[in-house]
2 protein chains.
Amino acid sequence: MKTPLREKAYQHIREKIFLRELTAGSRLEEVKIAKELGVSRAPVREALCRLESEGILYLVPRMGTFVKIHNRDEICDWWELRAVLEGSATEKVATQVSESGLEGIVAAHRKMLQLARKIRTKGLSDLRSPLAKEWERSDLGFHMAIVRAAGNQAMVKMVENLHIMDMFLDGPTEPIRSMVRRVCTEHGRILRAIRKGQPVIARKEMVSQLMWARQVVLSHMQQPRNIGFYT
Amino acid sequence: MKTPLREKAYQHIREKIFLRELTAGSRLEEVKIAKELGVSRAPVREALCRLESEGILYLVPRMGTFVKIHNRDEICDWWELRAVLEGSATEKVATQVSESGLEGIVAAHRKMLQLARKIRTKGLSDLRSPLAKEWERSDLGFHMAIVRAAGNQAMVKMVENLHIMDMFLDGPTEPIRSMVRRVCTEHGRILRAIRKGQPVIARKEMVSQLMWARQVVLSHMQQPRNIGFYT
DNA sequence: AGAGCGCACTTTGGATGTAATTTTTTTATT
DNA sequence: AATAAAAAAATTACATCCAAAGTGCGCTCT
């Protein structure tokens with residue numbers, strides 16, 4: 001293996017958060033993580049620094065590092081940002097539809113529809129089943145395809161980060177049938193507007209979809225246990 | 001001193017880049033920085049990790065860390081992002097003008113005008129004189145005031161980062177008299193539109209100002225020495 | 001018995017040491 | 001003299017070690 005240990009530690013911690021082994025507010029002990037990986041504390045500390053600057057962890061100087069607790073307001077802000085960024089990307093794509101870009105969007109859309117069909121026939125037993133996760137991924141995939149097509153690398157990164165933050169949240173993304181249905185039709189509308197070259201409509205559709213999603217997420221959120229400090 | 005050493009190291013390196021002691025492509029040696037600060041290498045490394053994840057440095061394993069080289073495209077993307085984010089913030093502020101928010105904007109605007117007057121009388125001898133730096137800061141201050149007034153913390157952070165990236169670039173921000181003048185009038189227009197509650201106009205003014213600034217910056221940029229690897 | 005003080009333990013922050021890899025210098029050969 | 005190989009020097013990545021701050025437990029004193 002040539003990858004640096006700090007990278008492994010970084011991935012390891014992220015994975016633990018993603019798998020809910022570490023949840024919002026949990027304390028991370030350097031030694032424990034180091035032992036889990038069979039390494040020393042040095043690379044772990046470097047990973048922690050990175051994760052802090054990414055806003056995933058929260059570091060209290062002589063007290064420890066914790067998984068950051070995100071309150072309603074922050075999550076609200078993120079969704080608004082998504083609306084601003086993805087809305088703008090959608091508008092841009094609709095004004096200057098490049099062949100290759102459109103291809104990616106269409107492919108992502110098709111993939112999503114396939115998955116939706118599968119869900120419709122098989123049903124969706126568990127909210128955190130692999131199928132649900134796959135659905136989440138393909139939904140985000142469609143959005144990313146649009147942002148990528150807009151051709152702004154920096155924006156791609158930003159939106160990716162926003163998506164990741166969402167995925168870390170305690171799964172409020174209930175992919176109930178009706179939601180799958182609605183997302184499909186709305187994505188269809190967005191795609192159509194892009195194809196027809198209707199920037200204003202395309203943006204509006206994208207923004208309204210995200211605003212709706214925000215509502216769903218926020219309403220499914222347990223009330224914020226406000227622990228004061230490290231939020 | 002209660003602030004952690006890694007924090008000092010972080011600030012130290014940032015300052016060195018800002019002051020052009022370290023320019024794009026420079027290599028950073030842990031030991032050297034550690035000695036400069038009279039500390040050991042550990043906190044320096046942690047600072048380097050953070051700076052890498054912020055996109056300011058570039059880290060090649062086993063080879064060293066370098067100040068990231070940004071090409072035309074990236075800088076183009078950043079300015080576009082600023083236009084998207086700050087444009088949207090401006091529109092939002094213009095639709096829902098809060099008293100306290102407006103106050104901050106007006107204050108920032110006044111401060112900028114004062115500085116402009118000073119520059120007009122005193123002249124601007126050097127492009128990287130303290131006065132020029134102050135001007136740059138106050139210009140960005142106006143923009144930040146608007147973004148803050150929009151009330152999205154996450155957006156504030158993002159835009160701050162974008163501003164910082166600009167400040168790190170090799171000073172193309174020639175604050176010539178005519179530019180100062182133009183910025184003042186355009187900021188005035190933006191402020192007026194916000195006051196009058198004209199969201200669409202406010203956004204348009206903001207976007208056009210940023211697009212103009214982008215042109216200026218890009219035209220004053222030396223052609224990209226493409227060093228291949230670590231860009 | 002309850003509150004206050006103090007000591008031991010845990011954990012982080014920082015320093016130093018070691019191994020491995022890259023770069024540079026030196027030397028030998030064509 | 002130029003090039004290539006090899007050894008030496010430098011630098012990173014990681015491990016270990018020490019110090020200091022914080023936590024908790026128990027003891028004492030009121």
# chains A, B, ... in the order shown; residues from 1 in each chain; ligands from 1

call {"tool": "residues_around", "arguments": {"residues": "C:DC7", "least_positions_apart": "3", "cutoff": "12 Å", "atoms": "only C-alpha atoms (C1' of nucleotides)", "output": "MDAnalysis selection string"}}
result
chainID D and resid 24:27

call {"tool": "interface_residues", "arguments": {"of": "chain B", "to": "chain A", "cutoff": "8 Å", "atoms": "only C-alpha atoms", "output": "PyMOL selection string"}}
result
chain B and resi 4+45-47+49-50+53-54+61+74+77-78+81+84-85+88+152-155

call {"tool": "write_last_selection", "arguments": {"atoms": "N, CA and C atoms", "output": "CSV table (one decimal), in the first residue's frame"}}
result
chain,number,residue,atom,x,y,z
B,4,PRO,N,-3.6,27.2,20.3
B,4,PRO,CA,-2.8,26.0,19.9
B,4,PRO,C,-1.7,26.4,18.9
B,45,ARG,N,2.8,20.3,10.6
B,45,ARG,CA,2.2,19.3,9.7
B,45,ARG,C,0.7,19.4,9.8
B,46,GLU,N,0.2,19.6,11.0
B,46,GLU,CA,-1.3,19.7,11.1
B,46,GLU,C,-1.8,20.9,10.4
B,47,ALA,N,-1.1,22.0,10.5
B,47,ALA,CA,-1.5,23.2,9.8
B,47,ALA,C,-1.4,22.9,8.2
B,49,CYS,N,-1.9,20.1,6.7
B,49,CYS,CA,-3.0,19.3,6.3
B,49,CYS,C,-4.2,20.1,6.1
B,50,ARG,N,-4.4,21.0,7.1
B,50,ARG,CA,-5.6,21.9,7.0
B,50,ARG,C,-5.6,22.8,5.7
B,53,SER,N,-6.5,20.9,2.7
B,53,SER,CA,-7.9,20.6,2.5
B,53,SER,C,-8.7,21.8,2.1
B,54,GLU,N,-8.1,23.0,2.4
B,54,GLU,CA,-8.7,24.2,2.0
B,54,GLU,C,-8.4,24.6,0.6
B,61,PRO,N,2.7,13.2,-1.6
B,61,PRO,CA,3.2,12.4,-0.6
B,61,PRO,C,4.7,12.1,-0.8
B,74,GLU,N,-9.6,27.9,-13.4
B,74,GLU,CA,-10.0,27.9,-12.0
B,74,GLU,C,-10.4,29.3,-11.5
B,77,ASP,N,-13.7,30.2,-12.8
B,77,ASP,CA,-14.7,29.5,-12.1
B,77,ASP,C,-15.1,30.2,-10.8
B,78,TRP,N,-14.0,30.6,-10.1
B,78,TRP,CA,-14.3,31.3,-8.8
B,78,TRP,C,-15.1,32.6,-9.0
B,81,LEU,N,-18.5,31.8,-9.6
B,81,LEU,CA,-19.2,31.4,-8.3
B,81,LEU,C,-19.6,32.6,-7.5
B,84,VAL,N,-22.6,34.0,-8.9
B,84,VAL,CA,-23.8,33.3,-8.5
B,84,VAL,C,-24.2,33.5,-7.1
B,85,LEU,N,-23.3,33.4,-6.2
B,85,LEU,CA,-23.6,33.4,-4.8
B,85,LEU,C,-23.9,34.9,-4.3
B,88,SER,N,-27.1,36.2,-5.9
B,88,SER,CA,-28.3,35.6,-5.2
B,88,SER,C,-28.5,36.3,-3.9
B,152,ASN,N,-27.4,33.7,5.4
B,152,ASN,CA,-27.0,32.3,5.3
B,152,ASN,C,-25.6,32.1,5.7
B,153,GLN,N,-25.4,31.5,6.8
B,153,GLN,CA,-24.0,31.4,7.4
B,153,GLN,C,-23.1,30.6,6.5
B,154,ALA,N,-23.7,29.5,6.0
B,154,ALA,CA,-22.9,28.6,5.1
B,154,ALA,C,-22.4,29.4,3.9
B,155,MET,N,-23.3,30.2,3.3
B,155,MET,CA,-22.9,31.0,2.2
B,155,MET,C,-21.8,32.0,2.6

call {"tool": "interface_residues", "arguments": {"of": "chain C", "to": "chain B", "cutoff": "8 Å", "atoms": "only C-alpha atoms (C1' of nucleotides)", "output": "PyMOL selection string"}}
result
chain C and resi 13-15+21-22

call {"tool": "residues_around", "arguments": {"residues": "C:DA28", "least_positions_apart": "5", "cutoff": "10 Å", "atoms": "only C-alpha atoms (C1' of nucleotides)", "output": "list in words"}}
result
DA4, DA5 and DA6 of chain D

call {"tool": "write_last_selection", "arguments": {"atoms": "C-alpha atoms (C1' of nucleotides)", "output": "JSON list (two decimals), in the first residue's frame"}}
result
[["chain", "number", "residue", "atom", "x", "y", "z"],
["D", 4, "DA", "C1'", 25.24, 6.91, -15.63],
["D", 5, "DA", "C1'", 25.54, 4.70, -11.33],
["D", 6, "DA", "C1'", 26.02, 4.82, -6.57]]

call {"tool": "interface_residues", "arguments": {"of": "chain D", "to": "chain A", "cutoff": "7 Å", "atoms": "only C-alpha atoms (C1' of nucleotides)", "output": "list in words"}}
result
DC14, DA15 and DA21 of chain D

call {"tool": "select_by_dssp", "arguments": {"residues": "stretch 42-219 of chain A", "states": "helix (DSSP H, G or I)", "output": "JSON, numbers by chain"}}
result
{"A": [42, 43, 44, 45, 46, 47, 48, 49, 50, 51, 52, 53, 72, 73, 74, 75, 76, 77, 78, 79, 80, 81, 82, 83, 84, 85, 86, 87, 88, 89, 90, 91, 92, 93, 94, 95, 99, 100, 101, 102, 103, 104, 105, 106, 107, 108, 109, 110, 111, 112, 113, 114, 115, 116, 117, 118, 119, 120, 121, 122, 130, 131, 132, 133, 134, 135, 136, 137, 138, 139, 140, 141, 142, 143, 144, 145, 146, 147, 148, 149, 150, 153, 154, 155, 156, 157, 158, 159, 160, 161, 162, 163, 164, 165, 166, 167, 168, 177, 178, 179, 180, 181, 182, 183, 184, 185, 186, 187, 188, 189, 190, 191, 192, 193, 194, 195, 196, 199, 200, 201, 202, 203, 204, 205, 206, 207, 208, 209, 210, 211, 212, 213, 214, 215, 216, 217, 218, 219]}

call {"tool": "residues_around", "arguments": {"residues": "C:DA3", "least_positions_apart": "3", "cutoff": "12 Å", "atoms": "only C-alpha atoms (C1' of nucleotides)", "output": "list in words"}}
result
DT28, DC29 and DT30 of chain D

call {"tool": "residues_around", "arguments": {"residues": "B:Ile105", "least_positions_apart": "6", "cutoff": "12 Å", "atoms": "only C-alpha atoms (C1' of nucleotides)", "output": "CSV table (one decimal) with C-alpha atoms, in the first residue's frame"}}
result
chain,number,residue,atom,x,y,z
B,90,THR,CA,-28.0,40.6,-3.2
B,93,VAL,CA,-31.4,41.2,0.6
B,94,ALA,CA,-33.3,43.4,-1.8
B,97,VAL,CA,-34.4,44.4,3.7
B,98,SER,CA,-33.8,44.0,7.4
B,99,GLU,CA,-32.8,47.1,9.3
B,111,LYS,CA,-16.1,53.2,4.9
B,112,MET,CA,-15.3,52.4,1.3
B,138,SER,CA,-12.9,47.5,2.1
B,139,ASP,CA,-14.1,46.5,-1.3
B,140,LEU,CA,-14.5,43.0,-0.2
B,141,GLY,CA,-16.0,44.3,3.0
B,142,PHE,CA,-18.9,45.7,1.1
B,143,HIS,CA,-19.6,42.5,-0.6
B,144,MET,CA,-19.4,40.5,2.6
B,145,ALA,CA,-21.8,42.9,4.3
B,146,ILE,CA,-24.4,42.1,1.7
B,147,VAL,CA,-23.8,38.3,1.9
B,148,ARG,CA,-24.0,38.5,5.7
B,149,ALA,CA,-27.3,40.5,5.4
B,150,ALA,CA,-28.7,37.6,3.4
B,187,HIS,CA,-21.5,49.7,-5.4
B,188,GLY,CA,-23.7,52.8,-5.1
B,190,ILE,CA,-26.2,48.1,-5.9
B,191,LEU,CA,-27.0,49.8,-2.6
B,192,ARG,CA,-29.7,52.0,-4.2
B,194,ILE,CA,-31.3,47.2,-2.4
B,195,ARG,CA,-32.8,50.2,-0.7

call {"tool": "residues_around", "arguments": {"residues": "D:DT23", "least_positions_apart": "4", "cutoff": "10 Å", "atoms": "only C-alpha atoms (C1' of nucleotides)", "output": "PDB file with C-alpha atoms (C1' of nucleotides), in the first residue's frame"}}
result
ATOM      1  C1'  DC C   9      -5.579   9.025  36.067  1.00  0.00           C
ATOM      2  C1'  DT C  10      -6.911   9.969  31.427  1.00  0.00           C
ATOM      3  C1'  DT C  11      -6.322  12.396  27.257  1.00  0.00           C
TER       4       DT C  11
END

call {"tool": "decode", "arguments": {"residues": "chain D", "atoms": "C-alpha atoms (C1' of nucleotides)", "output": "short mmCIF file (atom, residue, chain, number, x, y, z; two decimals), in the first residue's frame"}}
result
data_model
loop_
_atom_site.label_atom_id
_atom_site.label_comp_id
_atom_site.auth_asym_id
_atom_site.auth_seq_id
_atom_site.Cartn_x
_atom_site.Cartn_y
_atom_site.Cartn_z
"C1'" DA D 1 33.52 15.98 -21.32
"C1'" DA D 2 29.24 13.80 -20.73
"C1'" DT D 3 26.48 10.31 -18.81
"C1'" DA D 4 25.24 6.91 -15.63
"C1'" DA D 5 25.54 4.70 -11.33
"C1'" DA D 6 26.02 4.82 -6.57
"C1'" DA D 7 26.45 6.79 -2.24
"C1'" DA D 8 25.45 10.63 0.70
"C1'" DA D 9 22.40 14.15 2.30
"C1'" DA D 10 18.04 15.88 3.07
"C1'" DT D 11 13.22 15.49 3.94
"C1'" DT D 12 9.01 13.32 4.73
"C1'" DA D 13 5.97 9.90 7.26
"C1'" DC D 14 5.27 7.77 11.14
"C1'" DA D 15 6.22 6.12 16.01
"C1'" DT D 16 7.34 7.09 20.51
"C1'" DC D 17 7.91 10.03 24.37
"C1'" DC D 18 7.12 13.87 27.61
"C1'" DA D 19 4.44 17.63 29.55
"C1'" DA D 20 0.35 19.92 30.73
"C1'" DA D 21 -4.50 20.41 31.09
"C1'" DG D 22 -8.81 18.35 32.37
"C1'" DT D 23 -11.72 14.64 34.84
"C1'" DG D 24 -13.06 11.97 38.39
"C1'" DC D 25 -12.70 9.86 42.64
"C1'" DG D 26 -11.91 9.81 47.42
"C1'" DC D 27 -10.76 12.00 51.54
"C1'" DT D 28 -11.34 15.49 54.96
"C1'" DC D 29 -13.47 19.06 57.38
"C1'" DT D 30 -17.49 21.46 58.75
#
